[in-house]
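Taking it in order: structure first as C-alpha cells, then the write-up.
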Amino acid sequence: MAKGSEVLVRVISGSLNDVAPGLKDVLEAHLRVTLHRGLEIAYEDPKAFKGAVEKLFGEYSARLLELIILQRLKAQFGWLDGPSTLEEAVERVRRIYGE
Amino acid sequence: MNSMAKDPISLMMDASLRMSPTFLNYQIGSEIELILYHLLKRLKGLYDEVFVISFHDAYHFFVSYVSSVYPDGREVFRPSYLISVNPFLEEVMNPTMVIKVKDPEIIMGRIQSKLLSLNPDNGKKKLFLVLGLDLYGIRYRDELIQMIPMISRMLARERSNVLMAFNVRAFPETVSEIIDSFALNIFRFAVEVKKKAIRRKLTVIRSPFIEYNLRSWYYTITKEGITFELAER
C-alpha cells in the first residue's frame with residue numbers, strides 16, 4: 001500500500017472510531033460490496049469513496065465525516081490553510097509522498 | 001394530556017411545544033434527516049412561519065436526502081425564510097439571506113437584524129430549525145463555543161419553537177457540556193452495531209415528561225414510516 005494511502009486509511013479509521021463507533025466495519029463491508037475495495041479506495045478514488053459514504057449514511061453525515069477527516073489531515077501535516085474537499089486533500093498528500 | 005400514551009415522535013413534538021430549544025443529538029448513521037422529516041411533518045402545521053438557519057449547506061444536504069426517500073420531503077422542509085451561513089451549494093436555492101463570514105458576532109448580528117426587519121411582533125407563531133452548527137464547529141471550533149450560547153439566547157428571545165440537530169460525538173466533552181447547559185429538551189439518536197447489522201436507538205435525555213427521561217426505543221425507518229420498539233432498561 002502506498003504511504004499516502006496508509007496515512008489516509010489510518011486517519012479515516014481514527015475518525016470513524018471516534019464519531020461513529022462500530023460503523024467502520026459496516027462501511028468497509030459496504031465498500032467491498034459496492035466498489036470491491038476497502039478504505040484504501042478513499043486514496044485511489046476519493047470521489048467514489050464519498051459517493052459510497054453518502055449512499056450509506058446520507059449526504060449530511062458524509063459531509064460531516066469528510067470535514068472531520070480533513071481537520072485531522074490538516075493537524076497531521078500542519079497545513080495552515082486546510083483543503084475543503086477530500087479530493088483536494090488526497091492531491092496534497094500525493095504530492096507530499098511523490099505518489 | 002396523558003403523556004404515558006405518547007409515541008416518541010409525539011413526545012419530541014410535545015416537549016418542543018412546552019420548552020425550547022430542543023437539541024437532537026445524533027450519531028452518523030442514525031438517519032437524523034428522516035427523523036426530522038417525521039417530526040416536522042407533524043409540527044409544521046402548527047406554525048405560521050418556518051425559519052431555517054443553515055450552516056455550510058446543511059439544509060441542502062438534508063433536503064436532498066429526505067426528498068430521495070419521501071416524495072413530499074422537499075415540501076415538508078420548505079421554509080418561509082432560509083438564512084444560509086457560508087453556503088456553497090445552497091445559493092441556488094434562493095436563500096432569504098446569505099451570510100459569508102465565520103465571526104459569530106457578525107453572523108448573529110445579521111440574523112438578528114433580519115429577524116427584526118420581519119416584524120417580530122406580528123403575532124405569528126414561528127418555528128426555527130437550526131442545521132449544520134456541527135459542520136461550522138468542525139471548521140471553527142473556538143467560534144462554535146461562542147456561537148452556541150449566542151444563538152440559543154437570541155432564538156429563546158423569539159419565544160418560538162427552536163429545533164437544533166447536532167452531532168455531539170464530533171466534539172470534545174466540553175462542547176457537549178455547553179450544549180447540555182443551553183438545551184431544555186435533549187433527545188439522543190445513537191447507532192448500535194451487532195454483527196455488522198445496524199440498530200438505531202433513541203433515548204430521551206431531558207424533557208418535561210420526566211416519566212420518559214432516560215427511556216430508550218429502537219427504531220426502524222422505511223418509506224412507509226417509522227416504527228419504535230421500547231428498549232428494556
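Ordering of the C-alpha cells sets the chain letters (A, B, ...); residue numbers start at 1 within each chain; ligands are numbered from 1 in the order shown.
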
Spatial neighbours of A:Glu44, 10 Å, only C-alpha atoms, chain gap at least 4 places, as a PyMOL selection string | chain A and resi 2+5+37+39-40+48-49+87+90

Identify, on the basis of only C-alpha atoms, every residue whose closest approach to B:Ser181 does not exceed 12 Å; exclude the query and any residue fewer than 2 positions from it along the same chain; express the result as a VMD selection string.
-> chain B and resid 21 to 23 148 to 149 152 to 153 174 to 179 183 to 186 206

Can you list, as a PyMOL selection string, every protein, DNA or RNA residue that comes within 6 Å of stretch 82-86 of chain B when you count only C-alpha atoms, leaving out same-chain residues fewer than 2 positions away?
-> chain B and resi 52-56+95-100

Which one of A:Leu73, A:Trp79, A:Val19, A:His30 sits closest to chain B if you count only C-alpha atoms?
-> A:Val19

May I ask you to extract the residues of chain A within 6 Å of chain B, using only C-alpha atoms, and to give them as a count of residues only?
-> 8

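Put simply, atom CA of B:Leu214 is 11.1 Å away from atom CA of B:Glu232.
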
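Looking only at stretch 71-116 of chain B, the set that DSSP places in alpha helix (DSSP H) from backbone geometry is Gly73, Arg74, Glu75, Val76, Pro104, Glu105, Ile106, Ile107, Met108, Gly109, Arg110, Ile111, Gln112, Ser113, Lys114, Leu115 and Leu116 of chain B.
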
Keeping C-alpha atoms, export the residues of the selection given above as a compact mmCIF listing (two decimals), in the first residue's frame.
# COMPACT_ATOMS: atom_id res chain seq x y z
CA GLY B 73 -39.68 15.68 1.54
CA ARG B 74 -38.90 18.95 -0.22
CA GLU B 75 -42.35 20.33 0.64
CA VAL B 76 -42.15 19.32 4.31
CA PRO B 104 -20.13 34.53 15.48
CA GLU B 105 -20.93 38.09 16.49
CA ILE B 106 -21.30 39.24 12.90
CA ILE B 107 -23.36 36.17 11.98
CA MET B 108 -25.67 36.64 14.95
CA GLY B 109 -25.93 40.41 14.39
CA ARG B 110 -27.03 39.92 10.79
CA ILE B 111 -29.53 37.21 11.68
CA GLN B 112 -30.92 39.36 14.47
CA SER B 113 -31.35 42.38 12.19
CA LYS B 114 -33.05 40.20 9.59
CA LEU B 115 -35.48 38.88 12.19
CA LEU B 116 -36.19 42.42 13.40

Mind checking which residues fall within 12 Å of B:Ile210, counting only C-alpha atoms, ignoring those fewer than 2 positions away in the same chain, and posting them as number ranges by chain?
-> B: 3-4, 11, 15, 185, 204-208, 212-215

Would you mind exporting all heavy atoms of the selected residues as a compact mmCIF listing (two decimals), in the first residue's frame?
# COMPACT_ATOMS: atom_id res chain seq x y z
N SER B 3 -49.38 11.75 29.13
CA SER B 3 -48.11 11.58 28.42
C SER B 3 -47.68 10.12 28.32
O SER B 3 -46.81 9.77 27.54
CB SER B 3 -47.01 12.39 29.12
OG SER B 3 -46.81 11.92 30.41
N MET B 4 -48.29 9.24 29.11
CA MET B 4 -47.92 7.83 29.03
C MET B 4 -48.29 7.23 27.67
O MET B 4 -47.79 6.21 27.28
CB MET B 4 -48.65 7.03 30.13
CG MET B 4 -48.18 7.35 31.54
SD MET B 4 -46.42 7.18 31.76
CE MET B 4 -46.25 5.40 31.72
N LEU B 11 -43.80 12.60 21.54
CA LEU B 11 -43.09 13.05 22.75
C LEU B 11 -42.16 14.23 22.42
O LEU B 11 -42.16 15.25 23.11
CB LEU B 11 -42.29 11.87 23.32
CG LEU B 11 -41.55 12.11 24.62
CD1 LEU B 11 -42.52 12.26 25.77
CD2 LEU B 11 -40.59 10.96 24.89
N ALA B 15 -42.78 17.94 23.73
CA ALA B 15 -41.70 18.53 24.55
C ALA B 15 -41.27 19.86 23.94
O ALA B 15 -41.08 20.86 24.65
CB ALA B 15 -40.52 17.56 24.63
N ASN B 185 -34.68 20.56 26.08
CA ASN B 185 -35.01 19.18 25.72
C ASN B 185 -33.81 18.58 24.99
O ASN B 185 -33.23 19.25 24.12
CB ASN B 185 -36.19 19.12 24.74
CG ASN B 185 -37.44 19.70 25.34
OD1 ASN B 185 -37.86 19.30 26.41
ND2 ASN B 185 -38.05 20.66 24.64
N VAL B 204 -34.39 9.47 25.42
CA VAL B 204 -34.81 10.79 25.91
C VAL B 204 -33.86 11.15 27.05
O VAL B 204 -33.86 10.50 28.10
CB VAL B 204 -36.25 10.76 26.44
CG1 VAL B 204 -36.69 12.17 26.88
CG2 VAL B 204 -37.20 10.20 25.40
N ILE B 205 -33.03 12.16 26.84
CA ILE B 205 -32.09 12.56 27.88
C ILE B 205 -32.75 13.56 28.83
O ILE B 205 -32.66 13.44 30.05
CB ILE B 205 -30.82 13.20 27.26
CG1 ILE B 205 -30.16 12.24 26.27
CG2 ILE B 205 -29.83 13.63 28.36
CD1 ILE B 205 -29.67 10.95 26.88
N ARG B 206 -33.43 14.54 28.24
CA ARG B 206 -34.10 15.54 29.08
C ARG B 206 -35.37 16.00 28.37
O ARG B 206 -35.35 16.29 27.17
CB ARG B 206 -33.17 16.74 29.29
CG ARG B 206 -33.73 17.79 30.24
CD ARG B 206 -32.85 19.03 30.27
NE ARG B 206 -31.51 18.75 30.73
CZ ARG B 206 -30.44 19.51 30.45
NH1 ARG B 206 -30.56 20.58 29.69
NH2 ARG B 206 -29.26 19.20 30.91
N SER B 207 -36.48 16.03 29.12
CA SER B 207 -37.74 16.52 28.57
C SER B 207 -38.64 16.88 29.75
O SER B 207 -38.36 16.49 30.89
CB SER B 207 -38.42 15.44 27.70
OG SER B 207 -39.12 14.53 28.52
N PRO B 208 -39.73 17.60 29.48
CA PRO B 208 -40.63 17.90 30.60
C PRO B 208 -41.43 16.68 31.06
O PRO B 208 -42.07 16.74 32.10
CB PRO B 208 -41.57 18.97 30.02
CG PRO B 208 -41.48 18.82 28.56
CD PRO B 208 -40.15 18.24 28.24
N TYR B 212 -40.55 9.71 31.07
CA TYR B 212 -39.91 9.16 29.87
C TYR B 212 -38.40 9.42 29.83
O TYR B 212 -37.71 8.86 28.98
CB TYR B 212 -40.55 9.76 28.61
CG TYR B 212 -41.85 9.10 28.26
CD1 TYR B 212 -43.06 9.72 28.47
CD2 TYR B 212 -41.86 7.82 27.70
CE1 TYR B 212 -44.25 9.12 28.14
CE2 TYR B 212 -43.04 7.19 27.38
CZ TYR B 212 -44.24 7.84 27.60
OH TYR B 212 -45.40 7.22 27.28
N ASN B 213 -37.91 10.27 30.70
CA ASN B 213 -36.49 10.61 30.63
C ASN B 213 -35.63 9.38 30.92
O ASN B 213 -35.95 8.58 31.80
CB ASN B 213 -36.15 11.74 31.60
CG ASN B 213 -36.76 13.05 31.14
OD1 ASN B 213 -37.26 13.15 30.02
ND2 ASN B 213 -36.74 14.06 32.00
N LEU B 214 -34.59 9.22 30.11
CA LEU B 214 -33.66 8.09 30.13
C LEU B 214 -34.29 6.79 29.63
O LEU B 214 -33.70 5.73 29.77
CB LEU B 214 -33.03 7.88 31.51
CG LEU B 214 -32.26 9.09 32.05
CD1 LEU B 214 -31.64 8.78 33.40
CD2 LEU B 214 -31.16 9.52 31.07
N ARG B 215 -35.45 6.89 29.03
CA ARG B 215 -36.02 5.70 28.38
C ARG B 215 -35.59 5.68 26.91
O ARG B 215 -35.34 6.73 26.31
CB ARG B 215 -37.54 5.68 28.49
CG ARG B 215 -37.98 5.58 29.94
CD ARG B 215 -39.41 5.17 30.04
NE ARG B 215 -39.56 3.73 29.89
CZ ARG B 215 -40.69 3.08 30.12
NH1 ARG B 215 -41.76 3.73 30.50
NH2 ARG B 215 -40.76 1.78 29.98

Just the residues within 9 Å of A:Glu99, please, counting only C-alpha atoms, with nothing from its chain fewer than 3 positions along; format it as a ChimeraX atom specification.
-> /A:2-4,93-96
